[in-house]
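Structure file start04.txt with compact mmCIF, C-alpha atoms:
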```
# COMPACT_ATOMS: atom_id res chain seq x y z
CA MET A 167 -153.91 -2.93 25.67
CA LYS A 168 -157.63 -3.21 26.00
CA ILE A 169 -160.43 -5.46 24.89
CA LYS A 170 -162.10 -3.72 22.00
CA TYR A 171 -163.87 -6.47 20.08
CA ILE A 172 -165.98 -9.41 21.22
CA PRO A 173 -166.12 -12.06 18.47
CA ILE A 174 -169.36 -13.94 17.89
CA PHE A 175 -169.35 -16.84 15.43
CA THR A 176 -172.61 -17.79 13.78
CA ASP A 177 -174.12 -19.62 10.80
CA ASP A 178 -176.63 -16.82 10.39
CA ILE A 179 -174.90 -13.45 10.39
CA ASP A 180 -178.02 -11.51 9.38
CA GLY A 181 -180.09 -13.14 12.13
CA GLN A 182 -177.42 -12.47 14.73
CA VAL A 183 -177.13 -8.83 13.66
CA LYS A 184 -180.89 -8.44 13.81
CA PHE A 185 -180.94 -9.98 17.28
CA PHE A 186 -178.45 -7.43 18.61
CA ILE A 187 -180.20 -4.51 16.91
CA ASP A 188 -183.69 -5.47 18.02
CA ASN A 189 -182.95 -6.59 21.55
CA LEU A 190 -179.84 -4.77 22.70
CA GLY A 191 -179.91 -1.58 20.67
CA PHE A 192 -176.55 -2.18 18.97
CA GLU A 193 -175.82 -0.67 15.55
CA VAL A 194 -173.88 -1.93 12.55
CA CYS A 195 -170.98 0.46 12.01
CA ASP A 196 -168.56 -1.25 9.63
CA LYS A 197 -167.42 -4.41 7.86
CA LYS A 198 -163.78 -5.41 8.14
CA ASN A 199 -161.61 -8.42 7.63
CA LEU A 200 -160.31 -8.33 11.18
CA LEU A 201 -160.23 -12.07 11.78
CA THR A 202 -158.08 -14.04 9.37
CA SER A 203 -159.95 -14.68 6.12
CA ARG A 204 -163.27 -13.75 7.68
CA GLU A 205 -165.15 -10.59 6.89
CA CYS A 206 -166.85 -9.50 10.08
CA VAL A 207 -169.81 -7.25 10.66
CA ILE A 208 -168.80 -4.76 13.33
CA MET A 209 -171.48 -3.57 15.72
CA GLN A 210 -171.27 -0.65 18.08
CA THR A 211 -172.45 -1.71 21.52
CA THR A 212 -173.86 0.66 24.10
CA SER A 213 -170.32 1.00 25.48
CA PRO A 214 -168.46 3.42 23.20
CA ASP A 215 -165.18 1.46 23.22
CA ILE A 216 -166.57 -2.06 22.88
CA PHE A 217 -167.64 -3.57 19.57
CA MET A 218 -169.10 -6.93 18.56
CA LEU A 219 -167.51 -8.83 15.68
CA ILE A 220 -170.07 -11.01 13.95
CA ALA A 221 -168.27 -13.62 11.85
CA LYS A 222 -169.27 -16.68 9.87
CA ASP A 223 -168.92 -19.93 11.78
CA TYR A 224 -167.07 -22.48 9.67
CA GLY A 225 -167.59 -25.27 12.20
CA TYR A 226 -164.79 -26.65 14.34
CA ASP A 227 -161.83 -24.35 13.91
CA THR A 228 -158.79 -24.55 16.16
CA ARG A 229 -157.62 -21.14 14.94
CA ARG A 230 -160.71 -19.32 16.12
CA CYS A 231 -159.97 -16.30 18.30
CA ASN A 232 -162.04 -15.90 21.44
CA ILE A 233 -160.68 -12.55 22.51
CA VAL A 234 -159.49 -9.58 20.48
CA VAL A 235 -157.14 -7.24 22.32
CA SER A 236 -156.49 -3.87 20.76
CA THR A 237 -153.11 -2.17 21.11
CA ASP A 238 -151.54 1.02 19.83
CA ASP A 239 -148.13 -0.66 19.44
CA CYS A 240 -148.21 -4.33 18.55
CA LEU A 241 -144.43 -4.88 18.37
CA ASN A 242 -143.90 -3.44 21.83
CA ASP A 243 -146.71 -5.44 23.44
CA TYR A 244 -145.68 -8.61 21.59
CA HIS A 245 -142.17 -8.17 22.97
CA GLN A 246 -143.34 -7.47 26.53
CA LEU A 247 -145.79 -10.39 26.54
CA LYS A 248 -143.11 -12.74 25.20
CA LEU A 249 -140.78 -11.64 28.00
CA ALA A 250 -143.58 -12.43 30.45
CA GLY A 251 -143.68 -15.99 29.11
CA ILE A 252 -146.81 -15.77 26.96
CA GLN A 253 -146.84 -18.27 24.10
CA PHE A 254 -147.49 -16.77 20.67
CA TYR A 255 -148.70 -18.80 17.72
CA ASN A 256 -146.89 -16.54 15.29
CA GLU A 257 -144.67 -13.50 14.98
CA PRO A 258 -146.44 -10.20 14.29
CA GLN A 259 -147.86 -10.26 10.78
CA TYR A 260 -149.08 -7.51 8.52
CA SER A 261 -152.65 -7.44 7.24
CA PRO A 262 -154.73 -4.81 5.42
CA THR A 263 -156.12 -3.69 8.78
CA GLY A 264 -152.79 -3.47 10.61
CA LEU A 265 -150.28 -5.54 12.55
CA ARG A 266 -151.41 -8.63 14.45
CA ALA A 267 -150.15 -11.57 16.47
CA GLU A 268 -152.01 -14.41 18.16
CA PHE A 269 -151.27 -15.83 21.57
CA SER A 270 -152.74 -18.36 23.95
CA ASP A 271 -154.07 -17.88 27.45
CA PRO A 272 -153.33 -20.58 30.08
CA SER A 273 -156.54 -22.42 29.19
CA GLY A 274 -155.64 -22.58 25.52
CA ASN A 275 -158.03 -19.87 24.38
CA ARG A 276 -156.71 -18.15 21.29
CA CYS A 277 -156.37 -14.38 21.64
CA LEU A 278 -155.68 -11.89 18.88
CA LEU A 279 -153.48 -8.88 19.59
CA ILE A 280 -154.12 -6.28 16.93
CA GLU A 281 -152.83 -2.79 16.19
CA GLU A 282 -155.28 -1.30 13.71
CA ARG A 283 -153.61 1.13 11.32
CA ASN A 284 -155.33 3.72 9.22
CA TYR A 285 -153.18 3.76 6.10
CA THR A 286 -155.47 6.14 4.22
CA ASP A 287 -154.67 9.02 6.61
CA LEU A 288 -151.11 9.00 5.31
CA THR A 289 -152.03 10.18 1.81
CA MET B 74 -133.80 15.69 21.74
CA GLU B 75 -130.50 14.53 20.35
CA TYR B 76 -128.92 11.10 20.78
CA LEU B 77 -126.65 8.67 19.03
CA ARG B 78 -127.21 5.03 19.92
CA THR B 79 -124.77 2.37 18.84
CA LEU B 80 -126.25 -1.02 19.61
CA ARG B 81 -124.19 -4.05 20.57
CA ASN B 82 -124.69 -5.48 17.07
CA ASN B 83 -123.34 -2.21 15.59
CA ASN B 84 -126.65 -0.92 14.29
CA VAL B 85 -126.60 2.84 14.81
CA ILE B 86 -129.49 5.24 15.35
CA TYR B 87 -129.09 9.00 15.28
CA SER B 88 -131.85 11.41 16.17
CA GLY B 89 -131.67 15.14 16.53
CA THR B 90 -131.75 18.52 14.95
CA ARG B 91 -129.45 18.56 11.96
CA ASN B 92 -126.97 21.31 11.30
CA ASN B 93 -124.86 21.83 8.23
CA TYR B 94 -122.47 18.98 7.66
CA ASN B 95 -119.21 18.53 5.92
CA GLN B 96 -118.75 15.74 3.47
CA GLN B 97 -119.41 12.32 4.91
CA THR B 98 -119.30 8.71 3.87
CA THR B 99 -121.86 6.19 4.99
CA SER B 100 -120.20 3.32 6.79
CA ASP B 101 -123.28 1.11 6.41
CA PHE B 102 -126.56 0.85 4.54
CA SER B 103 -128.75 3.51 6.08
CA ILE B 104 -132.22 5.04 5.96
CA ARG B 105 -132.74 8.76 6.55
CA PHE B 106 -135.98 10.35 7.70
CA VAL B 107 -137.02 13.86 8.65
CA PHE B 108 -140.05 14.59 10.83
CA SER B 109 -140.16 18.32 10.28
CA GLY B 110 -138.52 20.70 7.84
CA ASN B 111 -136.37 19.31 5.08
CA GLU B 112 -132.85 18.13 4.59
CA ARG B 113 -130.88 18.23 1.35
CA TYR B 114 -128.36 15.58 0.39
CA ASN B 115 -125.78 16.04 -2.33
CA ILE B 116 -124.64 12.73 -3.78
CA GLY B 117 -122.34 13.33 -6.72
CA LYS B 118 -124.28 15.59 -9.06
CA ARG B 119 -127.62 14.65 -7.57
CA GLN B 120 -129.32 16.96 -5.08
CA LEU B 121 -131.96 15.10 -3.11
CA SER B 122 -134.29 16.72 -0.64
CA ILE B 123 -136.29 14.77 1.92
CA HIS B 124 -139.36 15.89 3.82
CA ASN B 125 -141.59 14.11 6.30
CA ASP B 126 -143.46 12.35 3.47
CA SER B 127 -140.36 10.68 2.06
CA PHE B 128 -137.19 8.90 3.07
CA LEU B 129 -133.77 8.37 1.56
CA ILE B 130 -131.72 5.21 1.24
CA LEU B 131 -127.94 5.54 1.32
CA ASN B 132 -125.78 2.59 0.39
CA LYS B 133 -122.65 1.61 2.22
CA GLY B 134 -119.72 3.74 1.11
CA THR B 135 -121.73 6.54 -0.48
CA HIS B 136 -120.06 9.96 -0.30
CA TYR B 137 -122.51 12.72 0.44
CA THR B 138 -122.98 16.11 2.02
CA SER B 139 -126.13 17.07 3.82
CA THR B 140 -127.45 20.53 4.53
CA VAL B 141 -130.51 21.91 6.20
CA GLU B 142 -132.59 24.38 4.24
CA SER B 143 -135.63 25.01 6.29
CA ALA B 144 -137.30 27.82 8.17
CA ILE B 145 -138.45 25.40 10.85
CA PRO B 146 -136.20 23.13 12.97
CA VAL B 147 -135.32 19.92 11.16
CA GLN B 148 -135.92 16.84 13.27
CA SER B 149 -134.19 13.95 11.62
CA LEU B 150 -133.63 10.27 12.26
CA GLY B 151 -130.99 8.10 10.67
CA ILE B 152 -130.71 4.33 11.01
CA SER B 153 -127.57 2.54 9.89
CA PHE B 154 -127.74 -1.24 9.62
CA ASP B 155 -124.68 -3.29 10.32
CA ASP B 156 -123.68 -5.56 7.42
CA LYS B 157 -124.22 -8.74 9.38
CA PHE B 158 -127.67 -7.67 10.63
CA LEU B 159 -128.65 -6.76 7.08
CA GLN B 160 -127.35 -10.01 5.62
CA ASP B 161 -129.06 -12.07 8.33
CA PHE B 162 -132.29 -10.27 7.55
CA LYS B 163 -131.97 -10.93 3.81
CA ASN B 164 -131.15 -14.58 4.38
CA SER B 165 -134.10 -15.08 6.69
CA TRP B 166 -136.49 -13.50 4.21
CA GLN B 167 -135.14 -15.36 1.24
CA LEU B 168 -135.75 -18.62 3.06
CA LYS B 169 -139.40 -17.85 3.70
CA ASP B 170 -142.00 -19.18 1.28
CA ASP B 171 -144.22 -16.17 1.66
CA THR B 172 -141.42 -13.64 1.35
CA LEU B 173 -142.42 -10.11 0.51
CA LEU B 174 -139.52 -9.97 -1.88
CA ASN B 175 -141.09 -12.78 -3.90
CA LEU B 176 -137.70 -13.98 -5.00
CA ASN B 177 -139.03 -16.78 -7.18
CA LYS B 178 -140.84 -14.27 -9.27
CA TYR B 179 -138.01 -11.76 -9.29
CA PRO B 180 -134.84 -13.82 -9.04
CA SER B 181 -132.66 -10.85 -9.92
CA ILE B 182 -133.76 -8.64 -7.06
CA ASN B 183 -130.42 -8.81 -5.29
CA ARG B 184 -128.63 -7.87 -8.49
CA TYR B 185 -130.84 -4.82 -9.07
CA GLU B 186 -131.29 -3.82 -5.47
CA HIS B 187 -127.97 -2.07 -5.02
CA GLU B 188 -128.35 -0.16 -8.27
CA PHE B 189 -131.83 0.99 -7.43
CA ASP B 190 -132.17 1.59 -3.82
CA GLU B 191 -130.24 4.82 -3.35
CA THR B 192 -133.08 7.20 -3.99
CA ILE B 193 -136.13 8.80 -2.39
CA TYR B 194 -139.13 6.67 -1.50
CA PRO B 195 -142.54 7.59 -0.10
CA PHE B 196 -142.65 7.38 3.71
CA LYS B 197 -145.88 5.46 4.03
CA GLY B 198 -147.63 2.35 5.24
CA ASP B 199 -146.21 0.16 7.96
CA LEU B 200 -142.78 1.78 7.78
CA PHE B 201 -144.37 5.07 8.84
CA PHE B 202 -146.03 3.48 11.87
CA ASN B 203 -143.04 1.40 12.95
CA VAL B 204 -140.49 4.20 12.63
CA ASN B 205 -142.74 6.54 14.60
CA HIS B 206 -143.18 3.93 17.33
CA LEU B 207 -139.43 3.37 17.46
CA LYS B 208 -138.71 7.09 17.67
CA HIS B 209 -141.34 7.49 20.38
CA HIS B 210 -139.63 4.83 22.52
CA LEU B 211 -136.10 6.07 21.86
CA ASP B 212 -137.07 9.65 22.71
CA ARG B 213 -138.22 8.31 26.08
CA GLY B 214 -134.94 6.53 26.69
CA LEU B 215 -135.72 2.94 25.70
CA GLN B 216 -132.72 0.76 26.56
CA ASP B 217 -134.02 -2.69 25.61
CA GLU B 218 -131.90 -3.57 22.59
CA LEU B 219 -133.95 -6.68 21.81
CA LEU B 220 -136.99 -4.50 21.30
CA ILE B 221 -135.06 -1.88 19.35
CA ASN B 222 -133.73 -4.58 17.04
CA GLU B 223 -137.25 -5.98 16.65
CA TYR B 224 -138.31 -2.57 15.34
CA LEU B 225 -135.24 -2.39 13.09
CA HIS B 226 -136.00 -5.84 11.69
CA HIS B 227 -139.53 -4.71 10.87
CA CYS B 228 -138.23 -1.47 9.34
CA LEU B 229 -136.27 -3.62 6.89
CA ILE B 230 -139.35 -5.74 6.14
CA ASN B 231 -141.31 -2.56 5.48
CA TYR B 232 -138.56 -0.98 3.38
CA PHE B 233 -138.27 -4.02 1.13
CA GLN B 234 -142.03 -4.08 0.76
CA ILE B 235 -141.95 -0.47 -0.43
CA PHE B 236 -138.97 -1.28 -2.66
CA ASN B 237 -140.90 -4.15 -4.20
CA GLU B 238 -143.98 -1.98 -4.75
CA GLU B 239 -142.08 0.99 -6.12
CA ILE B 240 -139.68 -0.90 -8.37
CA PHE B 241 -140.82 -4.35 -9.41
CA GLN B 242 -144.58 -3.96 -9.36
CA LYS B 243 -144.34 -0.72 -11.32
CA ALA B 244 -141.80 -2.14 -13.78
CA GLN B 245 -144.35 -4.84 -14.62
CA ARG B 246 -146.72 -2.16 -15.89
CA LEU B 247 -144.32 -0.97 -18.58
CA ASN B 248 -145.10 -2.10 -22.11
CA PHE B 249 -141.76 -3.58 -23.02
CA LEU B 250 -141.03 -7.20 -23.72
CA SER B 251 -137.55 -7.23 -22.30
CA LYS B 252 -137.32 -7.37 -18.54
CA SER B 253 -133.99 -5.57 -18.55
CA THR B 254 -135.52 -2.73 -20.61
CA LYS B 255 -138.38 -2.43 -18.10
CA ILE B 256 -135.91 -2.21 -15.24
CA GLU B 257 -133.72 0.36 -16.99
CA ILE B 258 -136.71 2.57 -17.88
CA LEU B 259 -138.00 2.38 -14.34
CA ARG B 260 -134.58 3.32 -13.00
CA ARG B 261 -134.73 6.48 -15.13
CA LEU B 262 -138.32 7.19 -14.13
CA ASN B 263 -137.24 7.01 -10.52
CA LEU B 264 -134.67 9.68 -11.27
CA ALA B 265 -137.53 11.83 -12.55
CA LYS B 266 -139.46 11.16 -9.35
CA GLU B 267 -136.56 12.07 -7.11
CA TYR B 268 -136.12 15.27 -9.12
CA LEU B 269 -139.76 16.18 -8.54
CA TYR B 270 -139.52 15.29 -4.83
CA SER B 271 -136.49 17.55 -4.52
CA ASN B 272 -137.53 20.47 -6.74
CA TYR B 273 -141.28 20.50 -6.18
CA ASN B 274 -141.23 24.19 -5.18
CA THR B 275 -139.51 25.41 -8.33
CA ASN B 276 -140.81 25.95 -11.83
CA VAL B 277 -139.96 22.48 -13.14
CA SER B 278 -139.92 22.21 -16.92
CA LEU B 279 -140.51 18.97 -18.76
CA ASP B 280 -137.29 19.47 -20.70
CA GLU B 281 -135.10 19.63 -17.61
CA LEU B 282 -137.00 16.76 -16.00
CA ALA B 283 -136.48 14.60 -19.09
CA GLU B 284 -132.82 15.54 -19.25
CA TYR B 285 -132.32 14.60 -15.59
CA ALA B 286 -134.00 11.25 -16.23
CA CYS B 287 -132.01 10.64 -19.44
CA LEU B 288 -135.20 10.19 -21.47
CA SER B 289 -136.82 12.16 -24.26
CA VAL B 290 -139.85 14.22 -23.23
CA THR B 291 -142.22 11.98 -25.19
CA HIS B 292 -140.70 8.82 -23.78
CA LEU B 293 -140.81 10.23 -20.24
CA LEU B 294 -144.47 11.20 -20.48
CA ARG B 295 -145.54 7.88 -21.97
CA THR B 296 -143.60 5.60 -19.63
CA PHE B 297 -144.23 7.69 -16.48
CA ARG B 298 -147.94 7.33 -17.06
CA GLN B 299 -147.66 3.61 -17.69
CA ALA B 300 -145.65 2.98 -14.54
CA PHE B 301 -147.29 5.34 -12.07
CA HIS B 302 -150.77 5.81 -13.57
CA GLN B 303 -150.36 9.58 -13.51
CA THR B 304 -148.43 12.24 -15.41
CA PRO B 305 -145.31 13.89 -13.99
CA HIS B 306 -147.37 17.04 -13.55
CA GLN B 307 -150.04 15.20 -11.54
CA PHE B 308 -147.31 13.65 -9.40
CA LEU B 309 -145.79 17.11 -8.84
CA VAL B 310 -149.15 18.58 -7.83
CA GLN B 311 -149.65 15.69 -5.41
CA ILE B 312 -146.31 16.42 -3.71
CA ARG B 313 -147.05 20.15 -3.54
CA LEU B 314 -150.47 19.56 -2.00
CA GLN B 315 -149.12 17.09 0.53
CA ARG B 316 -146.42 19.52 1.60
CA ALA B 317 -148.84 22.41 1.72
CA LYS B 318 -151.02 20.29 3.98
CA ASP B 319 -148.08 19.70 6.28
CA LEU B 320 -147.27 23.43 6.41
CA LEU B 321 -150.90 24.26 7.16
CA LYS B 322 -150.90 21.82 10.02
CA ASN B 323 -147.51 22.56 11.53
CA THR B 324 -146.77 26.23 10.86
CA ASP B 325 -148.48 29.61 11.10
CA TYR B 326 -147.55 30.77 7.61
CA PRO B 327 -150.42 32.52 5.84
CA VAL B 328 -152.07 30.47 3.10
CA ASN B 329 -150.84 32.83 0.39
CA GLU B 330 -147.28 32.36 1.54
CA ILE B 331 -147.66 28.58 1.62
CA VAL B 332 -148.96 28.72 -1.95
CA ASN B 333 -145.65 30.25 -3.02
CA MET B 334 -143.54 28.06 -0.75
CA VAL B 335 -144.76 24.85 -2.34
CA GLY B 336 -144.47 26.13 -5.89
CA PHE B 337 -148.01 27.08 -6.90
CA ASP B 338 -148.47 30.32 -8.85
CA CYS B 339 -152.06 31.05 -8.05
CA PRO B 340 -153.91 30.81 -4.69
CA SER B 341 -157.27 30.13 -6.31
CA SER B 342 -156.04 27.13 -8.27
CA PHE B 343 -154.26 25.88 -5.12
CA ILE B 344 -157.49 26.10 -3.12
CA ARG B 345 -159.43 24.30 -5.86
CA LEU B 346 -156.84 21.50 -6.13
CA PHE B 347 -156.62 21.20 -2.33
CA LYS B 348 -160.38 20.89 -2.06
CA ASP B 349 -160.52 18.32 -4.84
CA ARG B 350 -157.93 16.16 -3.15
CA PHE B 351 -158.76 16.49 0.54
CA GLN B 352 -162.47 17.43 0.40
CA THR B 353 -161.90 20.50 2.52
CA THR B 354 -160.47 23.98 2.05
CA PRO B 355 -156.96 24.87 3.29
CA LEU B 356 -158.39 27.20 5.92
CA LYS B 357 -160.90 24.67 7.24
CA TYR B 358 -158.16 22.06 7.33
CA ARG B 359 -155.94 24.37 9.39
CA LEU B 360 -158.78 25.21 11.78
CA SER B 361 -159.47 21.51 12.40
CA PHE B 362 -156.35 21.31 14.62
```
Conversion result in structure tokens:
Amino acid sequence: MKIKYIPIFTDDIDGQVKFFIDNLGFEVCDKKNLLTSRECVIMQTTSPDIFMLIAKDYGYDTRRCNIVVSTDDCLNDYHQLKLAGIQFYNEPQYSPTGLRAEFSDPSGNRCLLIEERNYTDLT
Amino acid sequence: MEYLRTLRNNNVIYSGTRNNYNQQTTSDFSIRFVFSGNERYNIGKRQLSIHNDSFLILNKGTHYTSTVESAIPVQSLGISFDDKFLQDFKNSWQLKDDTLLNLNKYPSINRYEHEFDETIYPFKGDLFFNVNHLKHHLDRGLQDELLINEYLHHCLINYFQIFNEEIFQKAQRLNFLSKSTKIEILRRLNLAKEYLYSNYNTNVSLDELAEYACLSVTHLLRTFRQAFHQTPHQFLVQIRLQRAKDLLKNTDYPVNEIVNMVGFDCPSSFIRLFKDRFQTTPLKYRLSF
């Protein structure tokens, strides 16, 4: 497991993207629906394995994820984290981008565990 | 690596290199995969061949023989689901509002399921990922049965999703008023598909395909296109290309030999079709590994 995405929620996606491009040298590399029902602009940071997720801020939202943890085997990590006593909000669920489950850290921050799957490689 | 794992709940997983078998009977509903080579199953008069792009469902009590017909070692995986595990799974999914089976829309799914499911399906999507993860862990000696059963539970979710896509969603595309007619036609079209999956490397004629599917040639062509949005020939070419791709990646056979092995007559048309589908030539594809 590793942190791959840093979510940023904003009213002004274009402005936020411009800020990162102009000031930090990040680049837009994709758009994906990684967070539930939110299309996110994905920006490559200067670290090759870390990306920013720029998503629309819909105001107060208790289901907003603060951390996105990437895994190559969601079922296995879900199982191991559950054994370690981590509280999950849901069982692993399928989405167009892969398999995902959300859990809470001790402070109540919502974290998304996601196994991205490239279904197009299979055809 | 060869192993046979019988879990405490009587689910059984077999992995290994298959040899020729005598006649067998499945004791439980089971799913059969191969990861390299191909394995042929004889069920009654049907001869079904599975490769690494497809899987086979066998119902409880089915009599079959299986043989290996492959130049390369055949790595296979079989999962048998205990009745109680399977029934618990079905009950839990039927009680969910957002069930993948969509039982409100298709209330007869249980009635048709048994009739339909014993055939070849594409090994794709989440089932592909979950089965590969499971095999990876089992090959390394995973003992945690809770985790193994979690994977098995998800394999069933994924299988029923594929079943729903391949049967009910495609039946909806057929231009017949009667639901039972749609289902019956799709059952026969699936026979045509399993014939193509199993005989892709032979000179398949439309007449013998139609006869196997118990449809007239005209009816087969029209309904196949409606259900699958491609002709039987296009579907056959797709299988041949996919299997050629696998041979290019995993064997050292010369391209010309692969052309013959997958049933193409002419190397130049194979190269053109391969390039159209995968945006690269067979040789470049092989060199990319």
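The coordinates place atom CA of Ser271 of chain B at 14.5 Å from atom CA of Phe196 of chain B.
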Tell me, in Å to one decimal, how far atom CA of Asp126 of chain B is from atom CA of Pro195 of chain B.
->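 According to the coordinates, atom CA of Asp126 of chain B and atom CA of Pro195 of chain B are separated by 6.0 Å.
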Please provide the set of residues having any atom within 7 Å of segment 195-204 of chain A, restricted to all atoms listed in the file, with same-chain residues fewer than 3 positions apart removed, written as a list in words.
->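 Final neighbour list, sorted by chain and number: Val207, Ile208, Met209, Gln210, Ala221 and Thr263 of chain A.
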Counting only C-alpha atoms, collect the residues of chain B whose closest atom lies at most 10 Å from chain A, and write them out as a VMD selection string.
-> chain B and resid 126 196 to 199 201 to 203 206 to 207 210 219 to 221 223 to 224 227 231 311 315 350 to 351
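Among the candidate residues A:Leu249, A:Val234, A:Met218, A:Val194, the one lying nearest to Glu281 of chain A is A:Val234, with distances computed using all atoms listed in the file.
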Between atom CA of Ser361 of chain B and atom CA of Tyr194 of chain B, measure the distance and give it in Å to one decimal.
->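 Computing it gives 28.8 Å between the two atoms.
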For segment 110-119 of chain B: contacts at 8 Å, all atoms listed in the file, fewer than 6 positions along chain excluded, given as a ChimeraX atom specification | /B:125,135-148
Excluding segment 325-340 of chain B and its own-chain neighbours fewer than 2 positions away, which residues fall within 6 Å of it when counting all atoms listed in the file? Please give them as a PDB file with C-alpha atoms, in the frame of the given file.
```
ATOM      1  CA  ASN B 274    -141.230  24.190  -5.180  1.00  0.00           C
ATOM      2  CA  THR B 275    -139.510  25.410  -8.330  1.00  0.00           C
ATOM      3  CA  ARG B 313    -147.050  20.150  -3.540  1.00  0.00           C
ATOM      4  CA  SER B 342    -156.040  27.130  -8.270  1.00  0.00           C
ATOM      5  CA  PHE B 343    -154.260  25.880  -5.120  1.00  0.00           C
TER       6      PHE B 343
END
```
Within 12 Å of Thr211 of chain A, counting only C-alpha atoms, which residues show up once you throw out same-chain ones fewer than 4 positions away? Write them as a VMD selection string, please.
-> chain A and resid 170 to 172 183 186 to 187 189 to 195 215 to 219
Would you list the residues near (-139.6, 16.6, -14.7) (no more than 7 Å away, in the coordinates of the file, using all atoms listed in the file) as number ranges by chain?
-> B: 265, 268-269, 277-279, 281-283, 305
Once 8 Å is added on each side, what centre and edge lengths in Å to one decimal does the axis-aligned box around all listed atoms of segment 264-269 of chain B have, as lines of an AutoDock Vina configuration file?
```
center_x = -137.2
center_y = 12.9
center_z = -9.8
size_x = 21.1
size_y = 22.5
size_z = 21.4
```
Polymer residues at most 6 Å from Ile280 of chain A, all atoms listed in the file, same-chain spacing of 5 or more positions, as a ChimeraX atom specification | /A:236-237,265-266
Ref. answer, residues at most 9 Å from (-124.7, -0.7, 7.6) with only C-alpha atoms, as an MDAnalysis selection string | chainID B and resid 83:85 99:103 132:133 152:159
Coords for segment 224-262 of chain B, C-alpha atoms, as a PDB file, in the first residue's frame:
```pdb
ATOM      1  CA  TYR B 224     -11.794 -14.250  -2.832  1.00  0.00           C
ATOM      2  CA  LEU B 225     -14.195 -17.098  -3.612  1.00  0.00           C
ATOM      3  CA  HIS B 226     -17.159 -14.930  -2.641  1.00  0.00           C
ATOM      4  CA  HIS B 227     -15.933 -12.233  -5.011  1.00  0.00           C
ATOM      5  CA  CYS B 228     -15.336 -14.797  -7.762  1.00  0.00           C
ATOM      6  CA  LEU B 229     -19.033 -15.647  -7.544  1.00  0.00           C
ATOM      7  CA  ILE B 230     -19.987 -11.955  -7.657  1.00  0.00           C
ATOM      8  CA  ASN B 231     -17.817 -11.552 -10.742  1.00  0.00           C
ATOM      9  CA  TYR B 232     -19.121 -14.712 -12.406  1.00  0.00           C
ATOM     10  CA  PHE B 233     -22.749 -13.675 -11.976  1.00  0.00           C
ATOM     11  CA  GLN B 234     -21.901 -10.251 -13.339  1.00  0.00           C
ATOM     12  CA  ILE B 235     -20.452 -11.874 -16.463  1.00  0.00           C
ATOM     13  CA  PHE B 236     -23.445 -14.224 -16.624  1.00  0.00           C
ATOM     14  CA  ASN B 237     -25.786 -11.249 -16.477  1.00  0.00           C
ATOM     15  CA  GLU B 238     -23.846  -9.396 -19.175  1.00  0.00           C
ATOM     16  CA  GLU B 239     -23.491 -12.389 -21.463  1.00  0.00           C
ATOM     17  CA  ILE B 240     -27.016 -13.741 -21.129  1.00  0.00           C
ATOM     18  CA  PHE B 241     -29.611 -11.234 -20.013  1.00  0.00           C
ATOM     19  CA  GLN B 242     -28.186  -8.011 -21.368  1.00  0.00           C
ATOM     20  CA  LYS B 243     -27.561  -9.614 -24.751  1.00  0.00           C
ATOM     21  CA  ALA B 244     -30.973 -11.301 -24.820  1.00  0.00           C
ATOM     22  CA  GLN B 245     -32.528  -7.843 -24.467  1.00  0.00           C
ATOM     23  CA  ARG B 246     -30.987  -6.848 -27.795  1.00  0.00           C
ATOM     24  CA  LEU B 247     -32.842  -9.534 -29.733  1.00  0.00           C
ATOM     25  CA  ASN B 248     -35.816  -8.342 -31.754  1.00  0.00           C
ATOM     26  CA  PHE B 249     -38.424 -10.731 -30.444  1.00  0.00           C
ATOM     27  CA  LEU B 250     -41.460  -9.834 -28.417  1.00  0.00           C
ATOM     28  CA  SER B 251     -41.532 -12.961 -26.335  1.00  0.00           C
ATOM     29  CA  LYS B 252     -39.043 -13.106 -23.508  1.00  0.00           C
ATOM     30  CA  SER B 253     -38.907 -16.888 -23.656  1.00  0.00           C
ATOM     31  CA  THR B 254     -38.078 -16.724 -27.384  1.00  0.00           C
ATOM     32  CA  LYS B 255     -35.245 -14.274 -26.664  1.00  0.00           C
ATOM     33  CA  ILE B 256     -33.842 -16.592 -24.025  1.00  0.00           C
ATOM     34  CA  GLU B 257     -34.091 -19.674 -26.246  1.00  0.00           C
ATOM     35  CA  ILE B 258     -32.399 -17.926 -29.181  1.00  0.00           C
ATOM     36  CA  LEU B 259     -29.628 -16.679 -26.939  1.00  0.00           C
ATOM     37  CA  ARG B 260     -29.120 -20.170 -25.559  1.00  0.00           C
ATOM     38  CA  ARG B 261     -28.551 -21.393 -29.124  1.00  0.00           C
ATOM     39  CA  LEU B 262     -26.297 -18.447 -29.952  1.00  0.00           C
TER      40      LEU B 262
END
```
